[in-house]
>>> print(open('protein_5.cif').read())   # mmCIF, C-alpha atoms
data_upload
loop_
_atom_site.group_PDB
_atom_site.id
_atom_site.type_symbol
_atom_site.label_atom_id
_atom_site.label_comp_id
_atom_site.auth_asym_id
_atom_site.auth_seq_id
_atom_site.Cartn_x
_atom_site.Cartn_y
_atom_site.Cartn_z
ATOM 1 C CA MET A 1 86.028 -71.994 84.116
ATOM 2 C CA GLU A 2 85.167 -68.642 82.763
ATOM 3 C CA GLY A 3 87.658 -69.092 79.985
ATOM 4 C CA THR A 4 86.068 -72.316 78.822
ATOM 5 C CA SER A 5 82.557 -70.830 78.751
ATOM 6 C CA ALA A 6 83.783 -67.774 76.827
ATOM 7 C CA ALA A 7 85.559 -70.056 74.378
ATOM 8 C CA ALA A 8 82.397 -72.110 73.935
ATOM 9 C CA ASN A 9 80.331 -68.984 73.271
ATOM 10 C CA SER A 10 82.792 -67.587 70.741
ATOM 11 C CA SER A 11 82.982 -70.919 68.898
ATOM 12 C CA SER A 12 79.183 -70.997 68.442
ATOM 13 C CA LEU A 13 79.171 -67.614 66.645
ATOM 14 C CA PRO A 14 79.938 -67.565 62.942
ATOM 15 C CA PRO A 15 83.161 -65.886 61.980
ATOM 16 C CA PRO A 16 82.919 -62.171 61.142
ATOM 17 C CA SER A 17 83.329 -62.703 57.412
ATOM 18 C CA ARG A 18 80.400 -65.068 57.355
ATOM 19 C CA ARG A 19 78.251 -62.692 59.389
ATOM 20 C CA LEU A 20 78.926 -59.918 56.929
ATOM 21 C CA SER A 21 77.931 -62.095 54.017
ATOM 22 C CA GLN A 22 74.670 -63.008 55.778
ATOM 23 C CA ILE A 23 73.898 -59.337 56.340
ATOM 24 C CA ARG A 24 74.551 -58.591 52.669
ATOM 25 C CA ARG A 25 72.276 -61.385 51.504
ATOM 26 C CA ARG A 26 69.368 -60.087 53.615
ATOM 27 C CA LYS A 27 66.752 -58.187 51.764
ATOM 28 C CA LYS A 28 67.305 -54.523 52.237
ATOM 29 C CA ARG A 29 64.479 -52.691 53.879
ATOM 30 C CA THR A 30 63.266 -49.715 51.969
ATOM 31 C CA ARG A 31 61.347 -46.785 53.295
ATOM 32 C CA GLU A 32 58.207 -48.189 51.744
ATOM 33 C CA ASP A 33 58.686 -51.468 53.618
ATOM 34 C CA MET A 34 59.116 -49.616 56.898
ATOM 35 C CA PHE A 35 56.025 -47.518 56.165
ATOM 36 C CA SER A 36 54.012 -50.686 55.435
ATOM 37 C CA GLU A 37 55.126 -52.231 58.711
ATOM 38 C CA ILE A 38 54.142 -49.111 60.614
ATOM 39 C CA MET A 39 50.771 -49.001 58.885
ATOM 40 C CA GLU A 40 50.150 -52.684 59.645
ATOM 41 C CA SER A 41 51.042 -52.132 63.261
ATOM 42 C CA SER A 42 48.794 -49.089 63.318
ATOM 43 C CA ARG A 43 45.898 -51.104 61.813
ATOM 44 C CA SER A 44 46.253 -53.765 64.437
ATOM 45 C CA ASP A 45 46.408 -51.132 67.200
ATOM 46 C CA ARG A 46 43.348 -49.425 65.719
ATOM 47 C CA ALA A 47 41.487 -52.761 65.626
ATOM 48 C CA HIS A 48 42.284 -53.319 69.295
ATOM 49 C CA LEU A 49 41.206 -49.771 70.081
ATOM 50 C CA ASN A 50 37.926 -50.216 68.179
ATOM 51 C CA GLU A 51 37.282 -53.506 69.957
ATOM 52 C CA TRP A 52 37.910 -51.813 73.302
ATOM 53 C CA LYS A 53 35.598 -48.908 72.387
ATOM 54 C CA GLU A 54 32.870 -51.387 71.394
ATOM 55 C CA THR A 55 33.241 -53.233 74.704
ATOM 56 C CA VAL A 56 33.021 -49.968 76.641
ATOM 57 C CA SER A 57 29.976 -48.934 74.619
ATOM 58 C CA LYS A 58 28.205 -52.242 75.378
ATOM 59 C CA PHE A 59 29.023 -51.881 79.061
ATOM 60 C CA ARG A 60 27.677 -48.311 79.164
ATOM 61 C CA LYS A 61 24.512 -49.426 77.366
ATOM 62 C CA GLU A 62 23.970 -52.248 79.897
ATOM 63 C CA VAL A 63 24.556 -49.857 82.804
ATOM 64 C CA SER A 64 22.111 -47.362 81.297
ATOM 65 C CA GLU A 65 19.442 -50.058 80.814
ATOM 66 C CA HIS A 66 19.988 -51.270 84.382
ATOM 67 C CA GLU A 67 19.569 -47.721 85.721
ATOM 68 C CA GLU A 68 16.386 -47.254 83.648
ATOM 69 C CA ARG A 69 14.896 -50.474 85.056
ATOM 70 C CA ARG A 70 15.856 -49.377 88.580
ATOM 71 C CA ASP A 71 14.263 -45.948 88.034
ATOM 72 C CA GLN A 72 11.077 -47.596 86.726
ATOM 73 C CA ARG A 73 10.941 -49.855 89.809
ATOM 74 C CA GLU A 74 11.400 -46.828 92.054
ATOM 75 C CA GLU A 75 8.646 -44.939 90.200
ATOM 76 C CA ARG A 76 6.281 -47.913 90.582
ATOM 77 C CA ARG A 77 7.225 -48.194 94.271
ATOM 78 C CA ASP A 78 6.652 -44.459 94.786
ATOM 79 C CA ALA A 79 3.264 -44.652 93.024
ATOM 80 C CA ARG A 80 2.284 -47.653 95.159
ATOM 81 C CA ASP A 81 3.401 -45.856 98.322
ATOM 82 C CA GLU A 82 1.376 -42.792 97.313
ATOM 83 C CA ARG A 83 -1.724 -44.964 96.763
ATOM 84 C CA TRP A 84 -1.180 -46.506 100.211
ATOM 85 C CA ARG A 85 -0.863 -43.044 101.777
ATOM 86 C CA GLN A 86 -4.045 -41.865 100.041
ATOM 87 C CA GLU A 87 -5.956 -44.974 101.110
ATOM 88 C CA ASP A 88 -4.666 -44.615 104.669
ATOM 89 C CA GLN A 89 -5.754 -40.967 104.749
ATOM 90 C CA ARG A 90 -9.168 -41.891 103.317
ATOM 91 C CA MET A 91 -9.626 -44.516 106.050
ATOM 92 C CA LYS A 92 -8.566 -42.047 108.747
ATOM 93 C CA ASP A 93 -11.014 -39.439 107.415
ATOM 94 C CA ALA A 94 -13.839 -41.991 107.308
ATOM 95 C CA THR A 95 -13.086 -43.123 110.880
ATOM 96 C CA LEU A 96 -12.950 -39.523 112.072
ATOM 97 C CA GLY A 97 -16.308 -38.822 110.404
ATOM 98 C CA LEU A 98 -17.874 -41.827 112.126
ATOM 99 C CA LEU A 99 -16.480 -40.761 115.490
ATOM 100 C CA ARG A 100 -17.840 -37.236 115.015
ATOM 101 C CA ARG A 101 -21.298 -38.615 114.179
ATOM 102 C CA LEU A 102 -21.174 -40.870 117.246
ATOM 103 C CA VAL A 103 -20.265 -37.905 119.449
ATOM 104 C CA GLU A 104 -23.127 -35.857 117.938
ATOM 105 C CA VAL A 105 -25.611 -38.672 118.607
ATOM 106 C CA GLN A 106 -24.324 -39.092 122.153
ATOM 107 C CA GLU A 107 -24.585 -35.341 122.810
ATOM 108 C CA ARG A 108 -28.138 -35.321 121.428
ATOM 109 C CA LEU A 109 -29.063 -38.241 123.666
ATOM 110 C CA LEU A 110 -27.557 -36.544 126.688
ATOM 111 C CA ASP A 111 -29.422 -33.295 125.920
ATOM 112 C CA ASN A 112 -32.771 -35.126 125.613
ATOM 113 C CA ARG A 113 -32.315 -37.306 128.682
ATOM 114 C CA LEU A 114 -34.528 -36.735 131.673
ATOM 115 C CA PRO A 115 -32.821 -35.649 134.899
ATOM 116 C CA LEU A 116 -31.889 -38.459 137.228
ATOM 117 C CA GLN A 117 -34.525 -39.427 139.796
ATOM 118 C CA PRO A 118 -33.575 -40.530 143.306
ATOM 119 C CA LEU A 119 -33.882 -44.283 143.878
ATOM 120 C CA PHE A 120 -35.058 -43.836 147.469
ATOM 121 C CA HIS A 121 -37.405 -41.325 148.882
ATOM 122 C CA PRO A 122 -36.005 -38.957 151.493
ATOM 123 C CA PRO A 123 -36.469 -40.035 155.105
ATOM 124 C CA PRO A 124 -39.968 -39.353 156.360
ATOM 125 C CA SER A 125 -40.582 -36.118 158.134
ATOM 126 C CA PRO A 126 -42.082 -36.348 161.625
ATOM 127 C CA CYS A 127 -45.369 -34.799 160.571
ATOM 128 C CA SER A 128 -46.086 -37.109 157.620
ATOM 129 C CA VAL A 129 -45.111 -40.578 158.871
ATOM 130 C CA SER A 130 -48.219 -42.227 157.538
ATOM 131 C CA SER A 131 -47.832 -40.841 153.957
ATOM 132 C CA SER A 132 -44.290 -42.115 153.367
ATOM 133 C CA PRO A 133 -43.726 -45.663 152.083
ATOM 134 C CA ARG A 134 -42.611 -48.286 154.547
ATOM 135 C CA ARG A 135 -39.080 -49.574 154.447
ATOM 136 C CA VAL A 136 -38.253 -53.221 154.865
ATOM 137 C CA ARG A 137 -35.072 -54.455 156.480
ATOM 138 C CA THR A 138 -32.996 -56.930 154.445
ATOM 139 C CA ARG A 139 -30.668 -59.619 155.842
ATOM 140 C CA GLY A 140 -27.679 -57.278 155.776
ATOM 141 C CA GLY A 141 -29.551 -54.733 157.859
ATOM 142 C CA ARG A 142 -30.121 -52.336 154.992
ATOM 143 C CA LEU A 143 -33.393 -50.636 154.327
ATOM 144 C CA ARG A 144 -35.159 -50.933 151.011
ATOM 145 C CA THR A 145 -38.506 -49.872 149.706
ATOM 146 C CA PRO A 146 -41.087 -52.602 149.382
ATOM 147 C CA SER A 147 -41.728 -54.007 145.908
ATOM 148 C CA HIS A 148 -45.410 -53.039 146.021
ATOM 149 C CA SER A 149 -44.692 -49.277 146.234
ATOM 150 C CA THR A 150 -45.515 -47.007 143.308
ATOM 151 C CA PRO A 151 -42.725 -46.253 140.804
ATOM 152 C CA VAL A 152 -41.243 -42.788 140.650
ATOM 153 C CA ASP A 153 -41.427 -42.536 136.891
ATOM 154 C CA SER A 154 -42.936 -44.750 134.216
ATOM 155 C CA PRO A 155 -40.507 -46.678 131.921
ATOM 156 C CA SER A 156 -42.054 -45.253 128.761
ATOM 157 C CA LYS A 157 -41.090 -41.691 129.740
ATOM 158 C CA ARG A 158 -37.503 -42.692 130.466
ATOM 159 C CA LEU A 159 -36.901 -44.312 127.041
ATOM 160 C CA SER A 160 -38.197 -41.496 124.828
ATOM 161 C CA PHE A 161 -34.871 -40.175 123.569
ATOM 162 C CA PHE A 162 -35.763 -39.674 119.935
#
>>> encode(input="protein_5.cif", output="structure tokens")
Amino acid sequence: MEGTSAAANSSSLPPPSRRLSQIRRRKKRTREDMFSEIMESSRSDRAHLNEWKETVSKFRKEVSEHEERRDQREERRDARDERWRQEDQRMKDATLGLLRRLVEVQERLLDNRLPLQPLFHPPPSPCSVSSSPRRVRTRGGRLRTPSHSTPVDSPSKRLSFF
């Protein structure tokens, strides 16, 4: 089998004399032709290189613009956060001021308040039974002063805080 395929391959090639004549008929390449081919190849490589450089440049420009937009968003976010912090601090200071004023008013009221008066008179002493007010028993067995007894202090004196 191998012999037949080798014979088929050798029959498809032109005889050596014909091949030599074809080589002679070909245009001979001069140095100038080879230089032209190299220059053409170099131009095409340079065009590809320039195209690649342009693509890289566009990509870098897009990345740079994206980073600038991101930085601007971050700056706006930081400025907004700072405004929120300032407003929060202002509200805290205002609340603290109000609380301090309330404490001052409460302290002033406590300083001006009359001392507490006992609700019931002390039990009567044996010598002055007639001068002490009578006590009335309630249903639960507790003692209370009658409603017709004189008040300990007048209401107008108790409310004069200012």
>>> axis_aligned_box(input="protein_5.cif", around="region 98-108 of chain A", padding_each_side="4 Å", output="JSON")
{"center_x": -22.3, "center_y": -38.6, "center_z": 117.5, "size_x": 19.7, "size_y": 14.5, "size_z": 18.7}
>>> atom_distance(input="protein_5.cif", atom1="CA of Ser41 (chain A)", atom2="CA of Ile23 (chain A)")
24.9 Å
>>> atom_distance(input="protein_5.cif", atom1="CA of Pro16 (chain A)", atom2="CA of Lys28 (chain A)")
19.5 Å
>>> atom_distance(input="protein_5.cif", atom1="CA of Arg29 (chain A)", atom2="CA of Pro14 (chain A)")
23.3 Å
